[in-house]
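For reference, structure.tsv (TSV, C-alpha atoms and all ligand atoms):
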chain	number	residue	atom	x	y	z
A	1	MET	CA	69.76	56.70	36.23
A	2	ASN	CA	66.14	56.58	37.51
A	3	VAL	CA	64.68	53.86	39.72
A	4	THR	CA	62.85	52.13	36.88
A	5	GLY	CA	65.94	52.15	34.74
A	6	PHE	CA	68.00	50.74	37.56
A	7	ALA	CA	65.46	48.00	38.27
A	8	ARG	CA	65.33	47.09	34.60
A	9	ARG	CA	69.09	46.89	34.26
A	10	ALA	CA	69.66	45.02	37.49
A	11	GLY	CA	66.70	42.83	36.63
A	12	TRP	CA	68.04	41.67	33.32
A	13	ALA	CA	71.38	40.90	34.93
A	14	ARG	CA	69.59	38.72	37.45
A	15	GLY	CA	67.55	37.30	34.58
A	16	GLU	CA	70.81	36.10	33.07
A	17	ALA	CA	71.59	34.46	36.41
A	18	ALA	CA	68.21	32.71	36.18
A	19	GLU	CA	69.03	31.55	32.67
A	20	LYS	CA	72.27	30.12	34.02
A	21	MET	CA	70.84	28.28	36.95
A	22	ALA	CA	68.30	26.50	34.74
A	23	ASP	CA	68.36	23.02	36.21
A	24	THR	CA	66.07	20.57	37.88
A	25	GLN	CA	65.50	22.70	41.00
A	26	SER	CA	62.14	22.86	42.72
A	27	ALA	CA	60.16	26.13	42.72
A	28	ARG	CA	61.01	26.66	46.39
A	29	ARG	CA	64.71	26.34	45.78
A	30	VAL	CA	64.37	28.72	42.87
A	31	GLY	CA	62.69	31.26	45.19
A	32	LYS	CA	65.48	31.01	47.75
A	33	HIS	CA	68.09	31.24	45.06
A	34	TRP	CA	66.46	34.41	43.74
A	35	LEU	CA	66.51	35.98	47.16
A	36	ARG	CA	70.19	35.19	47.53
A	37	THR	CA	70.83	36.39	43.98
A	38	ALA	CA	68.95	39.64	44.67
A	39	VAL	CA	71.02	40.37	47.78
A	40	ALA	CA	74.25	39.36	46.08
A	41	GLY	CA	73.22	41.43	43.04
A	42	LEU	CA	72.71	44.55	45.16
A	43	LEU	CA	76.08	44.12	46.85
A	44	LEU	CA	77.73	43.45	43.51
A	45	ASN	CA	76.01	46.53	42.04
A	46	ALA	CA	77.38	48.73	44.81
A	47	ALA	CA	80.89	47.32	44.48
A	48	LEU	CA	80.94	47.56	40.70
A	49	LEU	CA	79.50	51.08	40.64
A	50	PHE	CA	82.19	52.13	43.11
A	51	LEU	CA	84.87	50.58	40.92
A	52	ALA	CA	83.42	52.04	37.75
A	53	VAL	CA	83.22	55.55	39.13
A	54	ASN	CA	86.59	55.45	40.83
A	55	MET	CA	88.62	53.69	38.21
A	56	GLY	CA	86.96	55.12	35.12
A	57	ILE	CA	86.56	51.68	33.57
A	58	SER	CA	82.84	51.84	32.98
A	59	ALA	CA	81.63	51.27	29.45
A	60	GLN	CA	79.75	54.57	29.95
A	61	THR	CA	83.02	56.38	29.28
A	62	VAL	CA	82.97	55.20	25.65
A	63	LEU	CA	81.38	57.87	23.51
A	64	ARG	CA	79.51	56.66	20.49
A	65	PRO	CA	77.02	58.38	18.19
A	66	ARG	CA	73.37	57.38	18.54
A	67	SER	CA	71.94	55.12	15.87
A	68	ASP	CA	68.77	53.16	15.11
A	69	HIS	CA	69.94	50.56	17.67
A	70	PHE	CA	71.93	52.70	20.16
A	71	ASP	CA	70.39	55.43	22.35
A	72	GLY	CA	73.67	57.07	23.42
A	73	GLU	CA	73.99	54.83	26.45
A	74	ARG	CA	72.64	51.38	25.62
A	75	PHE	CA	71.95	49.24	22.58
A	76	PHE	CA	68.38	48.20	21.84
A	77	ASN	CA	66.32	46.04	19.49
A	78	PRO	CA	64.74	48.31	16.88
A	79	ALA	CA	61.80	45.97	16.19
A	80	ILE	CA	60.54	45.35	19.74
A	81	HIS	CA	57.69	47.76	20.24
A	82	GLY	CA	55.73	47.78	23.45
A	83	HIS	CA	56.58	45.55	26.36
A	84	GLU	CA	60.14	44.20	26.37
A	85	ARG	CA	60.40	41.31	28.81
A	86	GLY	CA	62.12	42.31	32.06
A	87	PHE	CA	62.71	41.52	35.70
A	88	VAL	CA	59.06	41.07	36.73
A	89	ASP	CA	58.48	38.63	33.86
A	90	LEU	CA	61.57	36.67	34.86
A	91	LEU	CA	60.39	36.51	38.47
A	92	LYS	CA	57.02	35.26	37.29
A	93	TRP	CA	58.71	32.58	35.17
A	94	ALA	CA	61.14	31.54	37.90
A	95	SER	CA	58.43	31.23	40.56
A	96	LYS	CA	56.27	28.92	38.43
A	97	ARG	CA	58.99	27.02	36.64
A	98	ARG	CA	58.86	23.25	36.35
A	99	PRO	CA	61.82	22.64	34.03
A	100	PRO	CA	61.77	19.20	32.36
A	101	HIS	CA	64.38	16.72	33.47
A	102	TRP	CA	67.49	16.47	31.33
A	103	ARG	CA	69.51	13.27	31.48
A	104	GLU	CA	72.79	13.33	33.34
A	105	ARG	CA	76.00	13.79	31.39
A	106	THR	CA	76.67	11.25	28.63
A	107	ASP	CA	80.33	10.68	27.84
A	108	VAL	CA	80.19	10.21	24.08
A	109	GLN	CA	83.49	9.77	22.26
A	110	PRO	CA	84.80	12.92	20.53
A	111	GLY	CA	84.75	13.00	16.73
A	112	PRO	CA	87.88	12.38	14.63
A	113	PRO	CA	90.43	15.22	14.38
A	114	PRO	CA	89.29	17.51	11.52
A	115	ALA	CA	91.43	17.90	8.40
A	116	ARG	CA	93.86	20.79	8.51
A	117	HIS	CA	91.96	22.62	5.78
A	118	ALA	CA	88.97	22.05	3.51
A	119	ALA	CA	89.74	21.58	-0.19
A	120	PRO	CA	89.16	24.60	-2.47
A	121	GLY	CA	85.46	25.19	-3.10
A	122	VAL	CA	84.40	23.14	-0.06
A	123	LEU	CA	82.39	24.71	2.79
A	124	ARG	CA	82.50	22.28	5.71
A	125	ALA	CA	80.87	22.58	9.13
A	126	THR	CA	81.76	20.46	12.16
A	127	PHE	CA	79.37	20.67	15.11
A	128	ILE	CA	81.23	20.88	18.43
A	129	ASN	CA	78.59	21.86	21.00
A	130	HIS	CA	75.99	24.55	21.79
A	131	ALA	CA	76.71	27.45	19.36
A	132	THR	CA	80.28	26.26	18.68
A	133	VAL	CA	80.92	25.20	15.08
A	134	LEU	CA	84.18	24.76	13.20
A	135	VAL	CA	83.69	26.12	9.69
A	136	GLN	CA	86.33	25.43	7.06
A	137	MET	CA	86.09	27.33	3.80
A	138	ASP	CA	88.84	27.84	1.23
A	139	GLY	CA	91.81	27.61	3.55
A	140	LEU	CA	90.11	29.65	6.28
A	141	ASN	CA	89.29	27.98	9.61
A	142	ILE	CA	86.62	29.69	11.70
A	143	LEU	CA	85.18	28.95	15.14
A	144	THR	CA	81.82	30.37	16.21
A	145	ASP	CA	81.15	31.22	19.89
A	146	PRO	CA	83.66	28.65	21.15
A	147	ILE	CA	83.02	27.05	24.53
A	148	TRP	CA	85.03	24.12	25.87
A	149	SER	CA	84.37	24.94	29.55
A	150	ASP	CA	82.35	22.61	31.73
A	151	ARG	CA	79.89	25.36	32.69
A	152	ALA	CA	78.40	28.38	30.93
A	153	SER	CA	78.91	30.64	33.92
A	154	PRO	CA	81.09	33.36	35.46
A	155	VAL	CA	82.25	30.80	38.03
A	156	SER	CA	83.52	27.24	37.65
A	157	TRP	CA	81.50	25.79	40.54
A	158	ALA	CA	77.91	26.83	39.66
A	159	GLY	CA	75.71	27.53	36.67
A	160	PRO	CA	74.49	25.40	33.77
A	161	GLN	CA	76.74	22.40	33.31
A	162	ARG	CA	77.29	20.65	29.99
A	163	VAL	CA	75.58	17.28	29.50
A	164	HIS	CA	78.05	16.00	26.92
A	165	PRO	CA	81.74	16.64	26.20
A	166	PRO	CA	82.77	18.89	23.29
A	167	GLY	CA	82.45	17.02	19.97
A	168	ILE	CA	86.07	17.76	19.07
A	169	ARG	CA	88.91	17.75	21.58
A	170	PHE	CA	90.51	21.18	21.89
A	171	GLU	CA	93.91	19.56	21.18
A	172	ASP	CA	92.58	18.18	17.87
A	173	LEU	CA	91.56	21.56	16.43
A	174	PRO	CA	93.22	22.55	13.14
A	175	PRO	CA	94.90	25.99	13.08
A	176	ILE	CA	92.18	28.54	13.85
A	177	ASP	CA	92.33	31.81	11.90
A	178	VAL	CA	89.13	33.54	12.97
A	179	VAL	CA	86.84	33.45	16.02
A	180	LEU	CA	83.34	34.95	15.70
A	181	LEU	CA	81.74	36.10	18.98
A	182	SER	CA	78.04	36.91	18.65
A	183	HIS	CA	77.60	38.58	22.07
A	184	ASN	CA	78.80	38.54	25.65
A	185	HIS	CA	76.55	35.99	27.39
A	186	TYR	CA	78.52	33.32	29.20
A	187	ASP	CA	77.39	30.47	26.96
A	188	HIS	CA	78.78	32.37	23.93
A	189	MET	CA	81.76	34.34	25.22
A	190	ASP	CA	83.68	31.81	27.29
A	191	VAL	CA	86.81	33.61	28.43
A	192	PRO	CA	88.84	30.51	29.49
A	193	THR	CA	88.35	29.03	25.99
A	194	LEU	CA	89.15	32.35	24.31
A	195	ARG	CA	92.36	32.73	26.29
A	196	ARG	CA	93.40	29.22	25.35
A	197	LEU	CA	92.67	29.88	21.68
A	198	ASN	CA	94.54	33.18	21.92
A	199	SER	CA	97.68	31.55	23.23
A	200	VAL	CA	97.65	28.39	21.07
A	201	HIS	CA	96.25	29.67	17.73
A	202	HIS	CA	96.61	33.50	17.82
A	203	PRO	CA	93.39	33.96	15.79
A	204	ARG	CA	91.63	37.22	15.02
A	205	PHE	CA	88.53	37.74	17.17
A	206	PHE	CA	85.48	39.55	15.75
A	207	THR	CA	82.66	40.78	17.97
A	208	GLY	CA	80.07	43.52	18.54
A	209	LEU	CA	80.78	47.09	19.68
A	210	GLY	CA	81.82	47.44	23.29
A	211	ASN	CA	83.43	44.02	23.80
A	212	ARG	CA	87.04	44.75	22.84
A	213	ALA	CA	88.12	46.48	26.06
A	214	TYR	CA	86.61	43.68	28.14
A	215	LEU	CA	88.49	41.02	26.16
A	216	GLU	CA	91.76	42.95	26.10
A	217	ARG	CA	91.65	43.34	29.88
A	218	ARG	CA	91.61	39.52	29.92
A	219	ARG	CA	94.69	39.42	27.68
A	220	ILE	CA	92.82	38.35	24.55
A	221	GLN	CA	94.49	40.08	21.61
A	222	ARG	CA	93.70	40.88	17.98
A	223	VAL	CA	90.08	41.83	18.72
A	224	THR	CA	88.04	43.76	16.15
A	225	GLU	CA	84.69	45.15	17.30
A	226	MET	CA	82.03	45.92	14.75
A	227	ASP	CA	78.71	47.70	14.39
A	228	TRP	CA	75.82	46.14	12.44
A	229	TRP	CA	76.64	46.03	8.70
A	230	ASP	CA	80.35	46.86	9.19
A	231	GLU	CA	82.50	44.83	6.82
A	232	VAL	CA	86.13	43.83	7.39
A	233	PRO	CA	88.20	42.34	4.54
A	234	LEU	CA	90.37	39.37	5.53
A	235	GLY	CA	92.42	38.84	2.36
A	236	ASP	CA	92.27	35.87	-0.05
A	237	GLY	CA	88.82	36.99	-1.16
A	238	HIS	CA	87.22	36.65	2.29
A	239	SER	CA	85.42	39.32	4.26
A	240	ILE	CA	83.27	39.46	7.37
A	241	VAL	CA	80.08	41.46	7.91
A	242	PHE	CA	78.51	41.88	11.37
A	243	THR	CA	74.73	41.57	11.02
A	244	PRO	CA	71.79	42.44	13.31
A	245	ALA	CA	70.11	40.04	15.73
A	246	GLN	CA	67.26	40.44	18.21
A	247	HIS	CA	68.72	39.72	21.63
A	248	PHE	CA	70.39	41.53	24.55
A	249	SER	CA	73.69	41.56	26.37
A	250	THR	CA	74.80	41.37	29.97
A	251	ARG	CA	77.85	40.15	31.78
A	252	ASP	CA	77.58	41.69	35.25
A	253	ALA	CA	75.17	43.76	37.34
A	254	ILE	CA	75.68	47.12	35.62
A	255	ASP	CA	76.45	46.45	31.99
A	256	HIS	CA	73.04	45.54	30.62
A	257	ASP	CA	72.89	46.23	26.84
A	258	ARG	CA	76.12	48.24	26.88
A	259	THR	CA	77.69	45.92	24.29
A	260	LEU	CA	76.23	44.95	20.95
A	261	TRP	CA	74.89	41.54	19.90
A	262	GLY	CA	74.65	40.21	16.35
A	263	GLY	CA	75.42	37.58	13.76
A	264	PHE	CA	78.05	37.24	11.04
A	265	PHE	CA	78.05	36.86	7.29
A	266	VAL	CA	81.36	35.55	5.95
A	267	LYS	CA	81.93	35.95	2.22
A	268	GLY	CA	84.48	33.85	0.39
A	269	PRO	CA	85.28	32.06	-2.87
A	270	ALA	CA	83.50	28.90	-1.59
A	271	GLY	CA	80.30	30.87	-1.04
A	272	ALA	CA	78.97	32.60	2.05
A	273	LEU	CA	78.41	31.43	5.59
A	274	PHE	CA	75.77	32.97	7.84
A	275	PHE	CA	76.07	32.53	11.60
A	276	GLY	CA	72.88	33.77	13.26
A	277	GLY	CA	74.31	34.08	16.81
A	278	ASP	CA	71.62	34.12	19.51
A	279	THR	CA	68.37	35.69	18.38
A	280	GLY	CA	64.61	35.85	18.30
A	281	TYR	CA	62.88	35.72	14.94
A	282	ALA	CA	62.76	39.23	13.48
A	283	TRP	CA	63.11	41.44	10.43
A	284	HIS	CA	66.85	41.04	10.06
A	285	PHE	CA	66.98	37.72	8.18
A	286	ARG	CA	65.14	39.22	5.24
A	287	GLU	CA	67.38	42.30	5.39
A	288	VAL	CA	70.54	40.13	5.38
A	289	ARG	CA	69.27	38.37	2.24
A	290	LYS	CA	68.45	41.70	0.63
A	291	ARG	CA	71.78	43.36	1.37
A	292	LEU	CA	74.23	40.46	1.23
A	293	GLY	CA	72.61	37.69	-0.82
A	294	ALA	CA	71.70	34.13	0.10
A	295	PRO	CA	74.33	32.28	2.12
A	296	ARG	CA	75.42	28.80	1.04
A	297	LEU	CA	75.04	27.60	4.64
A	298	ALA	CA	73.25	29.18	7.62
A	299	LEU	CA	73.91	28.27	11.26
A	300	LEU	CA	70.66	29.01	13.11
A	301	PRO	CA	69.73	28.62	16.80
A	302	ILE	CA	66.95	26.08	17.51
A	303	GLY	CA	67.05	25.68	21.33
A	304	ALA	CA	66.23	27.36	24.69
A	305	TYR	CA	62.82	28.62	23.51
A	306	GLU	CA	60.23	27.56	26.13
A	307	PRO	CA	58.10	29.11	27.51
A	308	ARG	CA	57.32	31.21	24.49
A	309	TRP	CA	55.71	34.10	26.39
A	310	ILE	CA	59.10	35.03	27.79
A	311	MET	CA	61.63	33.48	25.39
A	312	SER	CA	60.22	34.35	21.97
A	313	GLN	CA	61.69	37.87	21.89
A	314	VAL	CA	65.25	36.60	22.31
A	315	HIS	CA	65.33	32.93	21.24
A	316	MET	CA	63.85	31.33	18.12
A	317	ASN	CA	62.04	28.01	18.26
A	318	PRO	CA	62.57	25.52	15.40
A	319	ALA	CA	59.53	26.84	13.49
A	320	ASP	CA	61.01	30.36	13.70
A	321	ALA	CA	64.35	29.00	12.50
A	322	VAL	CA	62.72	27.36	9.46
A	323	ARG	CA	61.05	30.68	8.70
A	324	ALA	CA	64.39	32.49	9.10
A	325	ALA	CA	66.03	30.01	6.69
A	326	GLY	CA	63.25	30.84	4.20
A	327	ASP	CA	63.87	34.57	4.61
A	328	LEU	CA	67.58	34.03	4.02
A	329	GLU	CA	66.83	31.82	0.98
A	330	THR	CA	69.66	29.59	2.10
A	331	PRO	CA	69.81	26.15	0.45
A	332	VAL	CA	70.79	24.50	3.71
A	333	SER	CA	70.80	25.36	7.42
A	334	MET	CA	72.28	23.74	10.49
A	335	GLY	CA	70.80	23.84	14.00
A	336	ILE	CA	72.88	25.23	16.87
A	337	HIS	CA	72.26	26.35	20.48
A	338	PHE	CA	70.59	23.16	21.75
A	339	GLY	CA	71.37	19.97	23.63
A	340	THR	CA	74.51	21.02	25.55
A	341	PHE	CA	73.34	23.32	28.39
A	342	GLN	CA	69.84	23.41	29.86
A	343	LEU	CA	69.00	27.13	29.65
A	344	ALA	CA	65.21	27.18	29.36
A	345	ASP	CA	62.19	24.87	29.64
A	346	ASP	CA	62.37	22.86	26.41
A	347	ALA	CA	62.91	19.14	26.96
A	348	GLN	CA	66.30	17.70	26.06
A	349	ASP	CA	65.19	16.09	22.77
A	350	GLN	CA	62.54	18.67	21.91
A	351	PRO	CA	64.47	20.94	19.48
A	352	PRO	CA	65.25	18.20	16.86
A	353	ARG	CA	61.72	16.83	17.26
A	354	ASP	CA	60.09	20.24	16.83
A	355	LEU	CA	62.41	20.94	13.91
A	356	ARG	CA	61.28	17.79	12.07
A	357	ARG	CA	57.69	18.85	12.63
A	358	ALA	CA	58.35	22.42	11.42
A	359	LEU	CA	60.08	21.16	8.25
A	360	ALA	CA	57.20	18.80	7.49
A	361	ALA	CA	54.69	21.62	8.04
A	362	ALA	CA	56.66	23.79	5.58
A	363	ASN	CA	56.87	20.91	3.06
A	364	LEU	CA	60.65	20.88	3.21
A	365	PRO	CA	62.89	17.79	3.10
A	366	ALA	CA	64.83	17.00	6.27
A	367	ASP	CA	68.18	17.53	4.52
A	368	ARG	CA	67.42	21.26	4.22
A	369	PHE	CA	68.10	21.71	7.95
A	370	TRP	CA	70.82	19.58	9.52
A	371	VAL	CA	70.98	18.44	13.10
A	372	LEU	CA	74.49	17.07	13.58
A	373	ALA	CA	75.79	15.02	16.47
A	374	PRO	CA	78.68	16.59	18.40
A	375	GLY	CA	81.85	15.89	16.40
A	376	GLU	CA	79.98	15.25	13.13
A	377	SER	CA	81.03	17.10	9.94
A	378	ARG	CA	79.14	17.84	6.76
A	379	ASP	CA	79.91	19.67	3.53
A	380	ALA	CA	77.39	22.20	2.24
A	381	PRO	CA	76.09	21.07	-1.14
A	382	ALA	CA	77.22	23.02	-4.17
A	383	VAL	CA	74.57	25.63	-4.84
A	384	ALA	CA	73.47	24.03	-8.15
A	385	ALA	CA	73.13	20.62	-6.41
A	386	ALA	CA	70.91	22.11	-3.70
A	387	ALA	CA	68.61	23.65	-6.32
A	388	ALA	CA	68.35	20.26	-8.10
A	389	SER	CA	67.47	18.47	-4.83
A	390	ASP	CA	64.72	21.04	-4.23
A	391	LYS	CA	63.33	20.42	-7.70
A	392	ALA	CA	63.38	16.67	-7.08
A	393	ALA	CA	61.59	17.16	-3.73
A	394	ALA	CA	58.96	19.33	-5.42
A	395	ASN	CA	58.32	16.60	-8.02
A	396	ARG	CA	57.91	13.85	-5.41
B	1	ZN	ZN	72.41	35.13	24.79
Here is a file; write its structure as structure tokens.
Ligand SMILES: [Zn+2]
Amino acid sequence: MNVTGFARRAGWARGEAAEKMADTQSARRVGKHWLRTAVAGLLLNAALLFLAVNMGISAQTVLRPRSDHFDGERFFNPAIHGHERGFVDLLKWASKRRPPHWRERTDVQPGPPPARHAAPGVLRATFINHATVLVQMDGLNILTDPIWSDRASPVSWAGPQRVHPPGIRFEDLPPIDVVLLSHNHYDHMDVPTLRRLNSVHHPRFFTGLGNRAYLERRRIQRVTEMDWWDEVPLGDGHSIVFTPAQHFSTRDAIDHDRTLWGGFFVKGPAGALFFGGDTGYAWHFREVRKRLGAPRLALLPIGAYEPRWIMSQVHMNPADAVRAAGDLETPVSMGIHFGTFQLADDAQDQPPRDLRRALAAANLPADRFWVLAPGESRDAPAVAAAAASDKAAANR
């Protein structure tokens, strides 16, 4: 490991810490925090390296063939050519940051308990919070990136704190069969929630390469890890494909990009669901459409995208998401990854506002891209109905 490589890896890990501490701190406090984080990061690096070498638990011990997104040691984004944003960029951002103020927590009432199952042919989505959606399709109940914790953080006493409660109470969940985990960032892979799901619902967990050992060490069972384009049949006509995304992974000071990120395409008799995970706009949406067909419903991230100079590689803005929906040729999309945790510099109400603007600019009706309140459910239109509504919109 050379010095540059080390700095880059450690830097991204600290970058994740910066993403987590996104709050209403002043620039001076941010500077102090970074100093403390840098020192703590170095100590943590030393301790973790010692553990990894001595206990043989490092992800480096897993041998995997190289591929177009794996260099033998770390995963990478095939379409980022040139300068990938790193530690220096994050420092620059953190030192000049003036994050907009988000309102304090609002205690909205949770939504009604969802039905046990959706009727045959129905594809229903219930927005819970952040990237967490309950999808019910043909007897199958799926949760995406479930987080019920108060903070998206490795610790319970610091890090981005939710500004509203989950839209559905954990106790009100119907039986969960499948959990889709897009990658290992703390706002997507929330171990306390996963352990609770594991013990109450015993679902199957699907995630990217490299995450299984980590989850199993935390007593989360039935984990299947997948490479991009792997497909796993589930029975009853359903199957799951892990699809590419443009992002990165990190959980601690030494594991940068050692586990794979991605999205999911779930095929079933009620049509297909696409869950985009956490991603910048890139080539992969078109490729998903080409290889797997148009999904009946796409869950696409629309938040945590400012400032663009640093966020655009890894987070879409609403205009990107509308473009991605076009690439997928999906009749209807639903916004996720906004409004629950302040992770970047977009204002609290900015994603839905920018989304309305992006839809208008693309001449698309607002019902092509849903923004649901936490706890709200909606059924994807039948594919023929969606085509008719488009025709009607075109004639208006
Ligand atoms: Zn992420």
**Request:** Provide the atom CA of A:Gln313 to atom CA of A:Gly86 distance in Å, to one decimal place.
**Result:**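 Separation of atom CA of A:Gln313 and atom CA of A:Gly86: 11.1 Å.
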**Message:** (79.6, 10.8, 23.8) in this file's frame - what residues fall within 10 Å of it? Use only C-alpha atoms and give the answer as number ranges by chain.
**Reply:** A: 105-111, 163-167, 373-375
**Request:** Considering all atoms listed in the file, state which residue in the set A:Asp345, A:Leu328, A:Arg357, A:Gly139 is at the smallest distance from A:Ile310.
**Result:** A:Asp345
**Prompt:** Just how far from atom CA of A:Gln246 is atom CA of A:Glu84, in Å to one decimal?
**Reply:**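 So the answer is 11.5 Å.
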Enumerate, in order of chain and increasing residue number, the residues of chain A with an atom no farther than 8 Å from ligand ZN 1 (chain B), each with its shortest atom pair and distance in Å to one decimal, counting all atoms listed in the file, as JSON lines.
{"residue": "A:His183", "atom": "CA", "partner": "B:ZN1", "partner_atom": "ZN", "distance": 6.8}
{"residue": "A:Asn184", "atom": "CA", "partner": "B:ZN1", "partner_atom": "ZN", "distance": 7.3}
{"residue": "A:His185", "atom": "CA", "partner": "B:ZN1", "partner_atom": "ZN", "distance": 5.0}
{"residue": "A:Tyr186", "atom": "CA", "partner": "B:ZN1", "partner_atom": "ZN", "distance": 7.7}
{"residue": "A:Asp187", "atom": "CA", "partner": "B:ZN1", "partner_atom": "ZN", "distance": 7.2}
{"residue": "A:His188", "atom": "CA", "partner": "B:ZN1", "partner_atom": "ZN", "distance": 7.0}
{"residue": "A:His247", "atom": "CA", "partner": "B:ZN1", "partner_atom": "ZN", "distance": 6.7}
{"residue": "A:Phe248", "atom": "CA", "partner": "B:ZN1", "partner_atom": "ZN", "distance": 6.7}
{"residue": "A:Ser249", "atom": "CA", "partner": "B:ZN1", "partner_atom": "ZN", "distance": 6.7}
{"residue": "A:Asp278", "atom": "CA", "partner": "B:ZN1", "partner_atom": "ZN", "distance": 5.4}
{"residue": "A:Thr279", "atom": "CA", "partner": "B:ZN1", "partner_atom": "ZN", "distance": 7.6}
{"residue": "A:Val314", "atom": "CA", "partner": "B:ZN1", "partner_atom": "ZN", "distance": 7.7}
**Message:** Counting all atoms listed in the file, find residues at most 12 Å from (85.3, 44.0, 22.5) (file frame) and give them as number ranges by chain.
**Reply:** A: 59, 62, 180-184, 189, 204-227, 258-261
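The gap separating atom CA of A:Leu292 from atom CA of A:His201 is 29.6 Å, in Å to one decimal.
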**Message:** Restricting the calculation to all atoms listed in the file: of A:Ala272, A:Asp354, A:His130, A:Pro112, which residue gets closest to A:Gln161?
**Reply:** A:His130
**Message:** Set the distance at 10 Å and use all atoms listed in the file: which residues neighbour A:Ala319 once local chain neighbours fewer than 2 positions away are removed? I'd like the list as a list in words.
**Reply:**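 Skipping anything fewer than 2 positions along the chain leaves Tyr281, Ile302, Met316, Asn317, Ala321, Val322, Arg323, Ala324, Ala325, Pro351, Asp354, Leu355, Arg356, Arg357, Ala358, Leu359, Ala361 and Ala362 of chain A.
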**Message:** When you count all atoms listed in the file, which of these residues is closest to A:Glu171: A:Pro113, A:Ser153, A:Leu194, A:Ala380?
**Reply:** A:Pro113
**Item:** Long-range neighbours of A:Arg151 as a list of chain:residue names, 7 Å cut-off, only C-alpha atoms, 5 positions minimum in chain
**Value:**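 Surrounding residues, per the criterion: A:Ser156, A:Gly159, A:Pro160, A:Gln161, A:Arg162.
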**Message:** Let me make sure I understand: among A:Pro174, A:Pro65, A:Pro100, A:Gly293, which one has the smallest atom-to-atom distance to A:Arg116 if we use all atoms listed in the file?
**Reply:** A:Pro174
**Surrounding residues of A:Gly121 excluding itself and chain neighbours under 3 positions, 10 Å, only C-alpha atoms, as an MDAnalysis selection string** = chainID A and resid 118 124 137:139 268:271 382
**Message:** Need to verify the contact set: A:Gly335, 9 Å, all atoms listed in the file, exclusion of same-chain residues closer than 6 positions in sequence. Can you return it as a ChimeraX atom specification?
**Reply:** /A:131,298-303,318,321,351-352,355,369-372
**Prompt:** Neighbours of A:Arg85 within 10 Å (all atoms listed in the file; same-chain residues fewer than 4 positions away dropped), as a list in words?
**Reply:**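 The filter keeps Arg8, Trp12, Ile80, Asp89, Leu90, Trp309, Ile310, Met311, Ser312, Gln313 and Val314 of chain A.
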**Prompt:** Pick from A:His284, A:Lys267, A:Lys96, A:Arg74: nearest to A:Leu297, with only C-alpha atoms counted?
**Reply:**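 Ranked by minimum distance to A:Leu297, first place goes to A:Lys267.
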